[in-house]
>>> print(open('target_36.pdb').read())   # PDB, C-alpha atoms
ATOM      1  CA  MET A   1      16.750  62.619   3.827  1.00  0.00           C
ATOM      2  CA  SER A   2      15.421  64.121   7.062  1.00  0.00           C
ATOM      3  CA  GLU A   3      13.553  62.107   9.695  1.00  0.00           C
ATOM      4  CA  ASN A   4      10.166  63.383   8.512  1.00  0.00           C
ATOM      5  CA  GLU A   5      10.630  62.534   4.855  1.00  0.00           C
ATOM      6  CA  GLN A   6       9.168  59.276   3.555  1.00  0.00           C
ATOM      7  CA  PRO A   7      10.835  57.340   0.749  1.00  0.00           C
ATOM      8  CA  ASN A   8       9.087  57.460  -2.608  1.00  0.00           C
ATOM      9  CA  GLU A   9       6.886  54.341  -2.561  1.00  0.00           C
ATOM     10  CA  ALA A  10       6.620  54.228  -6.349  1.00  0.00           C
ATOM     11  CA  ALA A  11      10.385  53.857  -6.602  1.00  0.00           C
ATOM     12  CA  GLN A  12      10.450  50.796  -4.325  1.00  0.00           C
ATOM     13  CA  PRO A  13       9.924  47.365  -5.875  1.00  0.00           C
ATOM     14  CA  ALA A  14       6.766  45.460  -4.939  1.00  0.00           C
ATOM     15  CA  GLN A  15       7.332  43.148  -2.018  1.00  0.00           C
ATOM     16  CA  ALA A  16       6.639  39.470  -2.432  1.00  0.00           C
ATOM     17  CA  ASN A  17       3.991  38.249  -0.015  1.00  0.00           C
ATOM     18  CA  PHE A  18       3.060  34.629   0.590  1.00  0.00           C
ATOM     19  CA  ALA A  19       0.357  33.597   3.046  1.00  0.00           C
ATOM     20  CA  LEU A  20      -1.323  30.306   3.770  1.00  0.00           C
ATOM     21  CA  GLN A  21      -5.030  31.054   4.105  1.00  0.00           C
ATOM     22  CA  ARG A  22      -6.498  27.609   4.817  1.00  0.00           C
ATOM     23  CA  ILE A  23      -5.664  23.879   4.792  1.00  0.00           C
ATOM     24  CA  TYR A  24      -8.475  21.364   4.362  1.00  0.00           C
ATOM     25  CA  VAL A  25      -9.397  17.876   3.192  1.00  0.00           C
ATOM     26  CA  LYS A  26     -11.171  18.329  -0.142  1.00  0.00           C
ATOM     27  CA  ASP A  27     -12.050  14.672  -0.684  1.00  0.00           C
ATOM     28  CA  ILE A  28     -11.469  11.435   1.203  1.00  0.00           C
ATOM     29  CA  SER A  29     -12.376   7.824   0.485  1.00  0.00           C
ATOM     30  CA  PHE A  30     -11.541   4.550   2.194  1.00  0.00           C
ATOM     31  CA  GLU A  31     -12.664   1.093   1.230  1.00  0.00           C
ATOM     32  CA  SER A  32     -11.683  -2.364   2.356  1.00  0.00           C
ATOM     33  CA  PRO A  33     -13.505  -4.616  -0.094  1.00  0.00           C
ATOM     34  CA  ASN A  34     -12.118  -7.881   1.254  1.00  0.00           C
ATOM     35  CA  SER A  35     -12.573  -7.477   4.971  1.00  0.00           C
ATOM     36  CA  PRO A  36     -12.769  -9.433   7.130  1.00  0.00           C
ATOM     37  CA  ALA A  37     -11.060 -12.123   5.004  1.00  0.00           C
ATOM     38  CA  VAL A  38      -7.976  -9.927   4.457  1.00  0.00           C
ATOM     39  CA  PHE A  39      -7.378  -9.818   8.241  1.00  0.00           C
ATOM     40  CA  GLN A  40      -6.699 -13.578   8.147  1.00  0.00           C
ATOM     41  CA  LYS A  41      -3.743 -13.150   5.768  1.00  0.00           C
ATOM     42  CA  PRO A  42      -0.161 -12.595   6.970  1.00  0.00           C
ATOM     43  CA  TRP A  43       0.505  -8.837   6.753  1.00  0.00           C
ATOM     44  CA  LYS A  44       3.039  -8.518   3.922  1.00  0.00           C
ATOM     45  CA  PRO A  45       1.501  -5.658   1.965  1.00  0.00           C
ATOM     46  CA  GLU A  46       2.277  -4.498  -1.532  1.00  0.00           C
ATOM     47  CA  VAL A  47       1.660  -0.764  -1.870  1.00  0.00           C
ATOM     48  CA  LYS A  48       0.915   1.130  -5.063  1.00  0.00           C
ATOM     49  CA  MET A  49       0.824   4.911  -4.754  1.00  0.00           C
ATOM     50  CA  ASP A  50      -0.451   7.421  -7.296  1.00  0.00           C
ATOM     51  CA  LEU A  51       0.440  11.047  -6.570  1.00  0.00           C
ATOM     52  CA  ASN A  52      -0.840  14.125  -8.341  1.00  0.00           C
ATOM     53  CA  THR A  53      -1.021  17.871  -7.818  1.00  0.00           C
ATOM     54  CA  LYS A  54      -3.246  20.471  -9.401  1.00  0.00           C
ATOM     55  CA  ASN A  55      -3.935  24.128  -8.867  1.00  0.00           C
ATOM     56  CA  THR A  56      -6.637  26.643  -9.641  1.00  0.00           C
ATOM     57  CA  GLN A  57      -6.447  30.412  -9.567  1.00  0.00           C
ATOM     58  CA  LEU A  58      -9.327  31.592  -7.358  1.00  0.00           C
ATOM     59  CA  GLY A  59      -9.018  35.282  -8.088  1.00  0.00           C
ATOM     60  CA  ASP A  60      -6.441  37.995  -7.820  1.00  0.00           C
ATOM     61  CA  ASN A  61      -3.397  36.501  -6.119  1.00  0.00           C
ATOM     62  CA  HIS A  62      -5.257  33.540  -4.557  1.00  0.00           C
ATOM     63  CA  TYR A  63      -4.683  29.920  -5.545  1.00  0.00           C
ATOM     64  CA  GLU A  64      -6.057  26.574  -4.480  1.00  0.00           C
ATOM     65  CA  VAL A  65      -3.409  23.840  -4.544  1.00  0.00           C
ATOM     66  CA  VAL A  66      -4.495  20.205  -4.199  1.00  0.00           C
ATOM     67  CA  VAL A  67      -2.236  17.214  -3.541  1.00  0.00           C
ATOM     68  CA  SER A  68      -3.969  13.908  -4.302  1.00  0.00           C
ATOM     69  CA  VAL A  69      -2.821  10.450  -3.276  1.00  0.00           C
ATOM     70  CA  THR A  70      -4.410   7.110  -4.035  1.00  0.00           C
ATOM     71  CA  LEU A  71      -2.982   4.123  -2.181  1.00  0.00           C
ATOM     72  CA  THR A  72      -3.900   0.615  -3.192  1.00  0.00           C
ATOM     73  CA  VAL A  73      -2.642  -1.963  -0.712  1.00  0.00           C
ATOM     74  CA  THR A  74      -2.800  -5.661  -1.531  1.00  0.00           C
ATOM     75  CA  VAL A  75      -1.920  -8.765   0.460  1.00  0.00           C
ATOM     76  CA  GLU A  76      -1.358 -12.026  -1.428  1.00  0.00           C
ATOM     77  CA  GLY A  77      -3.114 -10.537  -4.470  1.00  0.00           C
ATOM     78  CA  MET A  78      -6.168  -9.522  -2.415  1.00  0.00           C
ATOM     79  CA  THR A  79      -7.022  -5.833  -2.067  1.00  0.00           C
ATOM     80  CA  ALA A  80      -6.672  -4.961   1.614  1.00  0.00           C
ATOM     81  CA  TYR A  81      -7.709  -1.348   1.184  1.00  0.00           C
ATOM     82  CA  ILE A  82      -7.829   1.621  -1.132  1.00  0.00           C
ATOM     83  CA  VAL A  83      -7.518   5.095   0.342  1.00  0.00           C
ATOM     84  CA  GLU A  84      -7.811   8.326  -1.627  1.00  0.00           C
ATOM     85  CA  VAL A  85      -7.161  11.729  -0.125  1.00  0.00           C
ATOM     86  CA  GLN A  86      -7.162  15.185  -1.684  1.00  0.00           C
ATOM     87  CA  GLN A  87      -5.436  17.589   0.702  1.00  0.00           C
ATOM     88  CA  ALA A  88      -5.922  21.193  -0.331  1.00  0.00           C
ATOM     89  CA  GLY A  89      -4.833  24.640   0.651  1.00  0.00           C
ATOM     90  CA  ILE A  90      -5.647  28.195  -0.284  1.00  0.00           C
ATOM     91  CA  PHE A  91      -2.616  30.414  -0.693  1.00  0.00           C
ATOM     92  CA  ALA A  92      -2.353  34.168  -1.209  1.00  0.00           C
ATOM     93  CA  MET A  93       0.634  35.221  -3.306  1.00  0.00           C
ATOM     94  CA  GLN A  94       1.418  38.803  -4.267  1.00  0.00           C
ATOM     95  CA  GLY A  95       4.488  40.073  -6.062  1.00  0.00           C
ATOM     96  CA  ILE A  96       5.502  36.542  -7.095  1.00  0.00           C
ATOM     97  CA  GLU A  97       5.614  36.093 -10.849  1.00  0.00           C
ATOM     98  CA  GLY A  98       6.824  33.863 -13.661  1.00  0.00           C
ATOM     99  CA  GLY A  99       9.069  30.968 -12.692  1.00  0.00           C
ATOM    100  CA  HIS A 100       8.937  31.898  -9.018  1.00  0.00           C
ATOM    101  CA  LEU A 101       5.131  31.684  -9.034  1.00  0.00           C
ATOM    102  CA  ALA A 102       5.224  28.335 -10.862  1.00  0.00           C
ATOM    103  CA  GLN A 103       7.722  26.986  -8.316  1.00  0.00           C
ATOM    104  CA  ALA A 104       5.631  28.244  -5.386  1.00  0.00           C
ATOM    105  CA  ILE A 105       2.437  26.671  -6.727  1.00  0.00           C
ATOM    106  CA  ASN A 106       3.955  23.389  -7.934  1.00  0.00           C
ATOM    107  CA  ALA A 107       6.630  22.720  -5.305  1.00  0.00           C
ATOM    108  CA  PHE A 108       6.500  24.954  -2.228  1.00  0.00           C
ATOM    109  CA  CYS A 109       2.735  24.678  -1.625  1.00  0.00           C
ATOM    110  CA  PRO A 110       2.621  20.865  -2.098  1.00  0.00           C
ATOM    111  CA  ASN A 111       5.584  20.566   0.295  1.00  0.00           C
ATOM    112  CA  LEU A 112       3.508  22.438   2.900  1.00  0.00           C
ATOM    113  CA  LEU A 113       0.409  20.290   2.316  1.00  0.00           C
ATOM    114  CA  PHE A 114       2.030  16.847   2.204  1.00  0.00           C
ATOM    115  CA  PRO A 115       2.567  16.369   5.971  1.00  0.00           C
ATOM    116  CA  TYR A 116      -1.161  16.983   6.506  1.00  0.00           C
ATOM    117  CA  LEU A 117      -1.995  14.464   3.776  1.00  0.00           C
ATOM    118  CA  ARG A 118       0.328  11.882   5.369  1.00  0.00           C
ATOM    119  CA  GLU A 119      -1.357  12.320   8.744  1.00  0.00           C
ATOM    120  CA  THR A 120      -4.846  12.052   7.218  1.00  0.00           C
ATOM    121  CA  ILE A 121      -3.977   8.809   5.421  1.00  0.00           C
ATOM    122  CA  ASP A 122      -2.387   7.348   8.541  1.00  0.00           C
ATOM    123  CA  THR A 123      -5.467   8.163  10.648  1.00  0.00           C
ATOM    124  CA  VAL A 124      -7.932   6.727   8.123  1.00  0.00           C
ATOM    125  CA  VAL A 125      -5.946   3.518   7.671  1.00  0.00           C
ATOM    126  CA  ILE A 126      -5.746   2.970  11.442  1.00  0.00           C
ATOM    127  CA  LYS A 127      -9.510   3.561  11.729  1.00  0.00           C
ATOM    128  CA  GLY A 128      -9.901   0.774   9.134  1.00  0.00           C
ATOM    129  CA  SER A 129      -8.088  -1.527  11.605  1.00  0.00           C
ATOM    130  CA  PHE A 130      -4.915  -1.790   9.542  1.00  0.00           C
ATOM    131  CA  PRO A 131      -1.338  -1.059  10.622  1.00  0.00           C
ATOM    132  CA  ALA A 132      -0.249   2.576  10.336  1.00  0.00           C
ATOM    133  CA  MET A 133       0.697   3.777   6.856  1.00  0.00           C
ATOM    134  CA  MET A 134       3.214   6.594   7.172  1.00  0.00           C
ATOM    135  CA  LEU A 135       4.161   7.667   3.663  1.00  0.00           C
ATOM    136  CA  ALA A 136       7.754   8.594   2.960  1.00  0.00           C
ATOM    137  CA  PRO A 137       8.351  12.302   2.334  1.00  0.00           C
ATOM    138  CA  VAL A 138       8.090  13.483  -1.268  1.00  0.00           C
ATOM    139  CA  ASN A 139      10.490  16.038  -2.749  1.00  0.00           C
ATOM    140  CA  PHE A 140       8.159  18.236  -4.789  1.00  0.00           C
ATOM    141  CA  ASP A 141      11.083  20.559  -5.628  1.00  0.00           C
ATOM    142  CA  ALA A 142      12.813  17.698  -7.451  1.00  0.00           C
ATOM    143  CA  ILE A 143       9.578  16.677  -9.200  1.00  0.00           C
ATOM    144  CA  PHE A 144       9.034  20.275 -10.336  1.00  0.00           C
ATOM    145  CA  ALA A 145      12.651  20.571 -11.549  1.00  0.00           C
ATOM    146  CA  GLN A 146      12.261  17.353 -13.569  1.00  0.00           C
ATOM    147  CA  ALA A 147       9.033  18.629 -15.132  1.00  0.00           C
ATOM    148  CA  VAL A 148      10.699  21.926 -16.091  1.00  0.00           C
ATOM    149  CA  MET A 149      13.672  20.075 -17.595  1.00  0.00           C
ATOM    150  CA  LYS A 150      11.343  17.771 -19.548  1.00  0.00           C
ATOM    151  CA  LYS A 151       9.421  20.766 -20.966  1.00  0.00           C
ATOM    152  CA  GLN A 152      12.685  22.457 -21.955  1.00  0.00           C
ATOM    153  CA  LYS A 153      13.884  19.319 -23.745  1.00  0.00           C
ATOM    154  CA  GLU A 154      10.546  18.952 -25.527  1.00  0.00           C
ATOM    155  CA  ALA A 155      10.641  22.615 -26.580  1.00  0.00           C
ATOM    156  CA  ALA A 156      14.213  22.233 -27.843  1.00  0.00           C
ATOM    157  CA  ALA A 157      13.267  19.086 -29.775  1.00  0.00           C
ATOM    158  CA  ALA A 158      10.226  20.828 -31.287  1.00  0.00           C
ATOM    159  CA  ALA A 159      12.363  23.818 -32.297  1.00  0.00           C
ATOM    160  CA  GLU A 160      14.931  21.479 -33.867  1.00  0.00           C
ATOM    161  CA  ASP A 161      12.158  19.706 -35.817  1.00  0.00           C
ATOM    162  CA  GLN A 162      10.920  23.095 -37.109  1.00  0.00           C
ATOM    163  CA  THR A 163      14.390  24.103 -38.333  1.00  0.00           C
ATOM    164  CA  SER A 164      15.095  20.750 -39.994  1.00  0.00           C
ATOM    165  CA  HIS A 165      11.984  20.864 -42.182  1.00  0.00           C
TER     166      HIS A 165
END
>>> encode(input="target_36.pdb", output="structure tokens")
Amino acid sequence: MSENEQPNEAAQPAQANFALQRIYVKDISFESPNSPAVFQKPWKPEVKMDLNTKNTQLGDNHYEVVVSVTLTVTVEGMTAYIVEVQQAGIFAMQGIEGGHLAQAINAFCPNLLFPYLRETIDTVVIKGSFPAMMLAPVNFDAIFAQAVMKKQKEAAAAAEDQTSH
């Protein structure tokens, strides 16, 4: 091929492109139903955390991914505070398909969003006059792998039920 010749673009595979478009807080809520009485208790909190992710296709190659956390913190059976945060991002993904797309949406994107969610929760809790709440990191890759394995086992069990009848 001479210097002036261009490679045939149709023969080249499509390149995978991933771009973070925006990160934002979609929803936030903080309540401390038992203040100021809870401030009189010794600070030995019990923490319950609910974590969830969801995604929505916004159009061609654009997805909104939302990581939601609800923390309920109690002290001696009294609710100290409840904080709910939905941290969201808009991601552009081209040339990513099938299992790779599912992994990007359900693991890679939440991994990118979680540090922002942690910081938001920490800031809100401090503003409520409570000690900092720095959540431990979450391995969304492992959560996604477990979900895939569970679906595969369920599919195998369903197929076995079909063949045994």
>>> closest_residue(input="target_36.pdb", among="A:Val73, A:Leu101, A:Ala37, A:Met49", to="A:Val138", atoms="all atoms listed in the file")
A:Met49
>>> atom_distance(input="target_36.pdb", atom1="atom CA of A:Ala132", atom2="atom CA of A:Val83")
12.6 Å
>>> resolve_selection(input="target_36.pdb", expression="the PyMOL selection byres ((chain A and resi 141) around 10)", output="PyMOL selection string")
chain A and resi 103-104+106-108+110-111+138-140+142-147
>>> closest_residue(input="target_36.pdb", among="A:Val85, A:Met78, A:Ala92, A:Ala159", to="A:Leu58", atoms="only C-alpha atoms")
A:Ala92
>>> atom_distance(input="target_36.pdb", atom1="atom CA of A:Leu20", atom2="atom CA of A:Ile126")
28.7 Å
>>> closest_residue(input="target_36.pdb", among="A:Gly98, A:Phe114, A:Ser68, A:Ala80", to="A:Lys44", atoms="only C-alpha atoms")
A:Ala80
>>> atom_distance(input="target_36.pdb", atom1="atom CA of A:Gln152", atom2="atom CA of A:Ile96")
21.7 Å
>>> closest_residue(input="target_36.pdb", among="A:Val75, A:Ala102, A:Ile23, A:Ala157", to="A:Phe130", atoms="all atoms listed in the file")
A:Val75
